[in-house]
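Asks: Below is the file target_22.cif, with mmCIF, C-alpha atoms.
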```
data_run
#
loop_
_atom_site.label_atom_id
_atom_site.label_comp_id
_atom_site.auth_asym_id
_atom_site.auth_seq_id
_atom_site.Cartn_x
_atom_site.Cartn_y
_atom_site.Cartn_z
CA MET F 30 0.00 0.00 0.00
CA SER F 31 1.26 3.44 -0.86
CA PRO F 32 0.96 6.09 1.81
CA SER F 33 -2.04 8.35 1.87
CA LYS F 34 -1.35 11.94 2.74
CA THR F 35 -4.28 13.85 4.03
CA LYS F 36 -5.00 17.49 4.50
CA PRO F 37 -7.97 19.00 6.27
CA ALA F 38 -10.64 20.65 4.18
CA LYS F 39 -9.90 24.35 3.81
CA PRO F 40 -11.88 26.96 1.91
CA GLY F 41 -10.21 28.10 -1.26
CA ARG F 42 -8.31 24.90 -1.95
CA SER F 43 -8.94 23.33 -5.31
CA LEU F 44 -10.92 20.40 -4.02
CA VAL F 45 -13.79 18.66 -5.77
CA LYS F 46 -16.82 18.85 -3.50
CA THR F 47 -20.12 17.12 -3.99
CA GLY F 48 -22.08 19.83 -2.24
CA ALA F 49 -23.64 17.02 -0.23
CA THR F 50 -22.49 15.96 3.17
CA TYR F 51 -21.97 12.57 4.72
CA ARG F 52 -22.85 12.31 8.41
CA GLY F 53 -22.28 16.04 8.81
CA VAL F 54 -18.95 16.05 6.99
CA ARG F 55 -18.31 17.58 3.55
CA VAL F 56 -16.77 14.87 1.37
CA GLN F 57 -14.08 16.04 -1.01
CA VAL F 58 -11.26 14.82 -3.21
CA THR F 59 -8.25 16.50 -4.73
CA PRO F 60 -8.62 16.61 -8.52
CA GLY F 61 -6.49 13.95 -10.14
CA ARG F 62 -6.39 11.80 -13.21
CA THR F 63 -9.50 9.75 -13.81
CA ARG F 64 -10.47 7.35 -16.54
CA PHE F 65 -14.16 8.19 -16.32
CA THR F 66 -15.96 11.51 -16.27
CA LEU F 67 -17.70 12.64 -13.10
CA GLU F 68 -20.98 12.32 -14.96
CA GLN F 69 -20.30 8.66 -15.79
CA ILE F 70 -19.30 7.93 -12.21
CA LYS F 71 -22.35 9.70 -10.81
CA LYS F 72 -24.63 7.78 -13.13
CA ALA F 73 -23.06 4.42 -12.20
CA VAL F 74 -23.26 5.17 -8.46
CA GLU F 75 -26.84 6.37 -8.59
CA ALA F 76 -27.95 3.33 -10.59
CA ALA F 77 -26.21 1.00 -8.12
CA VAL F 78 -27.81 2.72 -5.12
CA VAL F 79 -31.27 2.48 -6.69
CA LYS F 80 -30.74 -1.17 -7.67
CA ASN F 81 -29.61 -2.05 -4.14
CA ALA F 82 -32.08 0.14 -2.26
CA ASP F 83 -33.62 -2.84 -0.46
CA ALA F 84 -30.26 -4.25 0.59
CA LEU F 85 -29.12 -0.84 1.84
CA ALA F 86 -32.36 -0.43 3.76
CA ARG F 87 -31.90 -3.81 5.43
CA LYS F 88 -28.50 -2.67 6.66
CA ALA F 89 -29.96 0.41 8.30
CA MET E 23 -5.38 1.03 0.84
CA ARG E 24 -8.98 1.25 -0.36
CA ALA E 25 -10.42 0.90 3.15
CA ALA E 26 -8.04 3.61 4.40
CA CYS E 27 -9.01 5.97 1.56
CA PHE E 28 -12.69 5.26 2.28
CA ALA E 29 -12.21 6.24 5.93
CA ILE E 30 -10.21 9.36 5.01
CA LEU E 31 -12.95 10.51 2.62
CA ALA E 32 -15.70 9.70 5.14
CA CYS E 33 -13.91 11.92 7.65
CA GLY E 34 -13.93 14.87 5.25
CA TYR E 35 -10.27 14.78 4.26
CA ALA E 36 -8.90 14.48 0.75
CA PRO E 37 -6.53 11.51 0.41
CA ARG E 38 -3.43 11.99 -1.67
CA CYS E 39 -0.88 9.35 -2.52
CA ALA E 40 1.76 8.32 -5.00
CA LEU E 41 -0.96 6.95 -7.28
CA ASP E 42 -2.01 10.56 -7.95
CA TYR E 43 0.95 10.88 -10.30
CA ASN E 44 1.62 9.38 -13.71
CA ASP E 45 3.85 12.02 -15.25
CA SER E 46 6.96 10.29 -16.58
CA GLY E 47 8.61 13.67 -16.93
CA VAL E 48 9.12 14.06 -13.20
CA VAL E 49 11.02 12.02 -10.67
CA ARG E 50 8.33 10.26 -8.70
CA PHE E 51 10.07 10.59 -5.34
CA THR E 52 10.43 14.36 -5.81
CA GLU E 53 6.68 14.61 -6.31
CA ILE E 54 5.98 12.39 -3.33
CA VAL E 55 8.13 14.50 -1.02
CA LYS E 56 6.47 17.66 -2.34
CA MET E 57 3.07 16.12 -1.64
CA ILE E 58 4.08 15.07 1.87
CA ALA E 59 5.30 18.60 2.58
CA GLU E 60 1.99 20.08 1.37
CA CYS E 61 0.00 18.00 3.85
CA ASP E 62 -0.14 18.40 7.60
CA LEU E 63 -1.17 14.82 8.22
CA SER E 64 0.26 11.63 6.78
CA ILE E 65 -0.48 7.94 7.05
CA HIS E 66 2.06 5.25 6.28
CA ASP E 67 1.24 1.57 6.10
CA ILE E 68 4.42 -0.47 6.33
CA SER E 69 2.64 -3.81 6.42
CA ARG E 70 3.53 -5.01 2.93
CA VAL E 71 6.83 -6.67 3.68
CA GLU E 72 6.23 -9.91 1.81
CA LEU E 73 8.43 -10.80 -1.13
CA ASP E 74 7.28 -9.99 -4.64
CA LYS E 75 6.14 -13.24 -6.27
CA ASP E 76 8.13 -12.58 -9.44
CA SER E 77 11.31 -10.93 -8.23
CA HIS E 78 11.32 -12.59 -4.77
CA LEU E 79 12.46 -9.27 -3.36
CA PRO E 80 10.68 -6.96 -0.90
CA ARG E 81 9.58 -3.47 -1.95
CA PHE E 82 11.10 -0.55 -0.07
CA ASN E 83 9.01 2.37 -1.32
CA MET E 84 6.88 2.70 1.80
CA PRO E 85 9.74 2.77 4.32
CA LEU E 86 11.50 5.27 2.06
CA GLU E 87 8.46 7.56 2.05
CA LEU E 88 8.05 7.18 5.81
CA GLY E 89 11.71 8.15 6.18
CA ALA E 90 11.19 11.28 4.10
CA ASP E 91 8.19 12.19 6.24
CA LEU E 92 10.04 11.67 9.53
CA GLY E 93 13.02 13.59 8.19
CA LEU E 94 10.80 16.58 7.44
CA ARG E 95 9.29 16.34 10.89
CA LEU E 96 12.66 16.16 12.62
CA GLU E 97 14.70 18.67 10.64
CA GLY E 98 12.27 20.52 8.37
CA PRO E 99 10.98 24.09 8.75
CA ALA E 100 8.70 24.97 11.68
CA ARG E 101 5.46 23.99 9.96
CA GLN E 102 6.80 20.54 9.11
CA ARG E 103 7.84 19.94 12.70
CA ARG E 104 4.19 20.21 13.70
CA ARG E 105 3.08 17.56 11.24
CA LYS E 106 1.29 14.45 12.48
CA THR E 107 2.04 10.95 11.31
CA LEU E 108 0.18 7.67 11.69
CA ILE E 109 2.19 4.52 11.07
CA LEU E 110 0.29 1.30 10.48
CA ASP E 111 1.52 -2.26 10.36
CA ALA E 112 -0.24 -5.60 10.16
CA GLU E 113 1.13 -6.91 13.46
CA ALA E 114 2.13 -5.15 16.65
CA HIS E 115 5.90 -4.91 17.14
CA ARG E 116 6.75 -6.61 13.86
CA TYR E 117 8.51 -3.39 12.91
CA ASP E 118 11.04 -4.14 15.66
CA LYS E 119 12.43 -6.66 13.19
CA THR E 120 11.72 -5.00 9.85
CA LEU E 121 12.37 -1.35 10.69
CA SER E 122 14.09 -1.32 14.07
CA ASP E 123 15.27 2.30 13.78
CA ILE E 124 11.72 3.43 14.57
CA SER E 125 11.40 1.25 17.67
CA GLY E 126 9.82 3.20 20.49
CA MET E 127 7.34 5.00 18.23
CA ASP E 128 3.61 4.29 18.59
CA ILE E 129 2.58 2.13 15.68
CA GLU E 130 -0.96 0.89 15.20
CA ALA E 131 -1.63 -2.70 14.13
CA HIS E 132 -4.52 -3.50 11.81
CA GLY E 133 -4.15 -7.24 11.20
CA ASN E 134 -4.81 -6.67 7.48
CA ASP E 135 -8.45 -6.26 8.40
CA ALA E 136 -10.45 -3.52 6.65
CA GLU E 137 -12.52 -2.74 9.74
CA GLN E 138 -9.42 -2.31 11.89
CA ILE E 139 -7.83 -0.09 9.23
CA ILE E 140 -10.94 2.12 9.17
CA ARG E 141 -11.03 2.31 12.97
CA ARG E 142 -7.34 3.21 13.25
CA VAL E 143 -7.55 5.87 10.54
CA ARG E 144 -10.81 7.41 11.78
CA ASP E 145 -9.74 7.48 15.43
CA TRP E 146 -6.41 9.06 14.55
CA LEU E 147 -8.00 11.71 12.31
CA ASN E 148 -10.55 12.45 15.02
CA ALA E 149 -7.81 12.84 17.62
CA ASN E 150 -5.93 15.22 15.32
CA ARG E 151 -8.87 17.22 13.98
CA GLU E 152 -8.78 20.99 14.15
CA VAL E 153 -9.59 22.53 17.51
CA ASP E 154 -13.30 23.35 17.88
CA SER E 155 -14.25 21.27 14.83
CA GLN E 156 -17.01 18.71 15.19
CA ILE E 157 -16.37 15.11 16.15
CA LEU E 158 -15.93 12.94 13.05
CA PRO E 159 -18.43 10.21 12.11
CA GLY E 160 -18.01 7.15 14.34
CA ALA E 161 -15.84 4.23 13.28
CA SER E 162 -18.71 1.74 13.52
CA ALA E 163 -20.89 3.87 11.23
CA ILE E 164 -18.09 4.20 8.68
CA CYS E 165 -17.41 0.45 8.84
CA ASP E 166 -21.11 -0.27 8.26
CA ASP E 167 -21.15 2.12 5.33
CA TYR E 168 -18.00 0.54 3.92
CA GLU E 169 -19.76 -2.82 4.02
CA ALA E 170 -22.74 -1.24 2.27
CA TYR E 171 -20.40 0.28 -0.29
CA LEU E 172 -18.82 -3.11 -0.99
CA GLU E 173 -22.28 -4.51 -1.55
CA ILE E 174 -23.09 -1.99 -4.27
CA ALA E 175 -19.55 -1.78 -5.67
CA PRO E 176 -20.01 -4.65 -8.19
CA ASP E 177 -22.93 -2.78 -9.74
CA ILE E 178 -20.96 0.48 -9.84
CA VAL E 179 -18.08 -1.33 -11.51
CA ALA E 180 -20.44 -3.03 -13.95
CA GLY E 181 -22.04 0.33 -14.70
CA LEU E 182 -18.62 1.62 -15.71
CA ARG E 183 -18.11 -1.50 -17.85
CA LEU E 184 -15.16 -2.76 -15.82
CA ASP E 185 -14.58 -6.28 -14.56
CA PRO E 186 -13.53 -6.67 -10.90
CA HIS E 187 -13.51 -3.87 -8.33
CA ASP E 188 -9.71 -3.87 -8.46
CA ASP E 189 -9.94 -2.61 -12.05
CA LEU E 190 -11.38 0.67 -10.82
CA PRO E 191 -8.49 3.14 -11.15
CA HIS E 192 -7.48 4.90 -7.92
CA GLY E 193 -8.60 8.38 -9.04
CA ASP E 194 -11.98 7.05 -10.11
CA TYR E 195 -12.34 5.10 -6.86
CA LEU E 196 -11.99 8.33 -4.88
CA HIS E 197 -14.72 9.99 -6.92
CA VAL E 198 -16.95 6.93 -6.66
CA VAL E 199 -16.68 6.97 -2.86
CA GLN E 200 -17.11 10.75 -2.74
CA ILE E 201 -20.38 10.46 -4.65
CA ALA E 202 -21.53 7.21 -3.00
CA LEU E 203 -21.12 8.21 0.66
CA PRO E 204 -23.96 10.75 0.90
CA ARG E 205 -26.21 8.49 -1.17
CA ILE E 206 -25.54 5.44 0.99
CA GLU E 207 -26.30 7.49 4.08
CA ALA E 208 -29.52 8.80 2.53
CA ALA E 209 -30.66 5.35 1.38
CA ARG E 210 -30.10 3.92 4.84
CA ALA E 211 -31.68 6.89 6.65
CA GLY E 212 -34.75 6.70 4.43
CA ALA E 213 -35.33 3.13 5.52
CA ARG E 214 -35.42 3.96 9.22
#
```
Could you take the file, read its structure, and then write that structure out as structure tokens?
Replies:
Amino acid sequence: MSPSKTKPAKPGRSLVKTGATYRGVRVQVTPGRTRFTLEQIKKAVEAAVVKNADALARKA
Amino acid sequence: MRAACFAILACGYAPRCALDYNDSGVVRFTEIVKMIAECDLSIHDISRVELDKDSHLPRFNMPLELGADLGLRLEGPARQRRRKTLILDAEAHRYDKTLSDISGMDIEAHGNDAEQIIRRVRDWLNANREVDSQILPGASAICDDYEAYLEIAPDIVAGLRLDPHDDLPHGDYLHVVQIALPRIEAARAGAR
């Protein structure tokens, strides 16, 4: 495993933010190389969440 | 690595690592040191000490990067001396044999278990969060959500027309988790 370096979220940094929060925390990533567009990723995630809605609900 | 990145993202931090770079025009180590210096917090997992199945040699990149980090902390400028470092290994005190120069430091063992990795990372980030900032999501909640993520991951991967989850490139994985976390929370909250 390569090391992960982390930095706290700070306003003004060039971070990609979803606008949504997870358990009260703003989730963000530093822009980097990706194979897929954000739109493709969003579509795949949303479809998977909808498809597995029952399973996710059972885990709640 | 993936469990650690999941925990880092769930705690509101942006993970950065050597996989961020693929520019052959730069010396990789130079970029890694620059990245370490830009961050106030760093996590090093020195657990992968097994021999490479092809070369039958161990890989030394992680201890090298840990050394660069500790060097900055010991002899770098003032800001670097305040940096915080988490060192992870699979077994407690194994580093006494593999990396004895760091004996006496507090190293967390994770037993190569994703839940333990998430707990170690989350607890350490929570202990080192900015003063007056809110407590980070609990380790149990993040572990549950990681399990939920793994359940939907095959469909995400299939949606991107990849084969196994391991085929998901690192940069894409970070974005997948970034987008999935709020949606997993919402799907689970809606069921309550």
Asks: For chain F, which of E:Ser69, E:Thr52, E:Ser162, E:Gln138 is the closest residue, counting only C-alpha atoms?
Replies: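 Counting only C-alpha atoms, the residue closest to chain F is E:Ser69.
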Asks: What does the distance between atom CA of Pro176 of chain E and atom CA of Ala211 of chain E come to in Å, to one decimal place?
Replies: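 Computed distance, atom CA of Pro176 of chain E to atom CA of Ala211 of chain E, equals 22.1 Å.
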Asks: Using the chain letters and numbering of this document, enumerate as a list in words the residues selected by the PyMOL selection byres ((chain F and resi 60-77) around 8).
Replies: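 Taken on the displayed file, the PyMOL selection byres ((chain F and resi 60-77) around 8) yields the residues Ser43, Leu44, Val45, Val58, Thr59, Val78, Val79, Lys80 and Asn81 of chain F; Asp42, Tyr43, Ile174, Ala175, Asp177, Ile178, Val179, Gly181, Leu182, Pro191, His192, Gly193, Asp194, His197, Val198, Ile201, Ala202 and Arg205 of chain E.
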Asks: Enter the distance from atom CA of Asp128 of chain E to atom CA of Asp111 of chain E, in Å, rounded to one decimal.
Replies: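 According to the coordinates, atom CA of Asp128 of chain E and atom CA of Asp111 of chain E are separated by 10.7 Å.
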Asks: What residues come out when you apply the PyMOL selection byres ((chain E and resi 164) around 9) to this file, written as a ChimeraX atom specification?
Replies: /E:28-29,32-33,137,140-141,144,159-163,165-169
Asks: Determine the nearest neighbour of chain F from the options E:Cys39, E:Leu121, E:Val153, E:Val48, counting all atoms listed in the file.
Replies: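 Using all atoms listed in the file, the shortest distance to chain F belongs to E:Cys39.
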Asks: Between E:Glu152, E:Glu207, E:Glu97, E:Asp76, which is the closest to Tyr51 of chain F once you count all atoms listed in the file?
Replies: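 Counting all atoms listed in the file, the residue closest to Tyr51 of chain F is E:Glu207.
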Asks: Go ahead and compute the interatomic distance for atom CA of Met23 of chain E and atom CA of Arg87 of chain F, in Å to one decimal.
Replies: 27.3 Å
Asks: Of the candidates E:Leu88, E:Leu110, E:Leu158, E:Leu203, which shows the shortest atom-to-atom distance to Val56 of chain F, using all atoms listed in the file?
Replies: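 So, comparing all the options, the nearest one is E:Leu203.
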Asks: Write out as a list in words each polymer residue whose atoms come within 9 Å of Ile54 of chain E, counting all atoms listed in the file; drop sequence neighbours fewer than 2 positions from it.
Replies: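 Contacts, with the query itself left out: Cys39, Ala40, Tyr43, Val49, Arg50, Phe51, Thr52, Lys56, Met57, Ile58, Ala59 and Glu87 of chain E.
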Asks: Which residues, named as in the file, does the PyMOL selection byres ((chain E and resi 81) around 12) pick out? Answer as a list of chain:residue names.
Replies: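 For this structure, the PyMOL selection byres ((chain E and resi 81) around 12) resolves to F:Met30, F:Ser31, E:Ile68, E:Ser69, E:Arg70, E:Val71, E:Glu72, E:Leu73, E:Asp74, E:Lys75, E:Asp76, E:Ser77, E:His78, E:Leu79, E:Pro80, E:Phe82, E:Asn83, E:Met84, E:Pro85, E:Leu86, E:Glu87.
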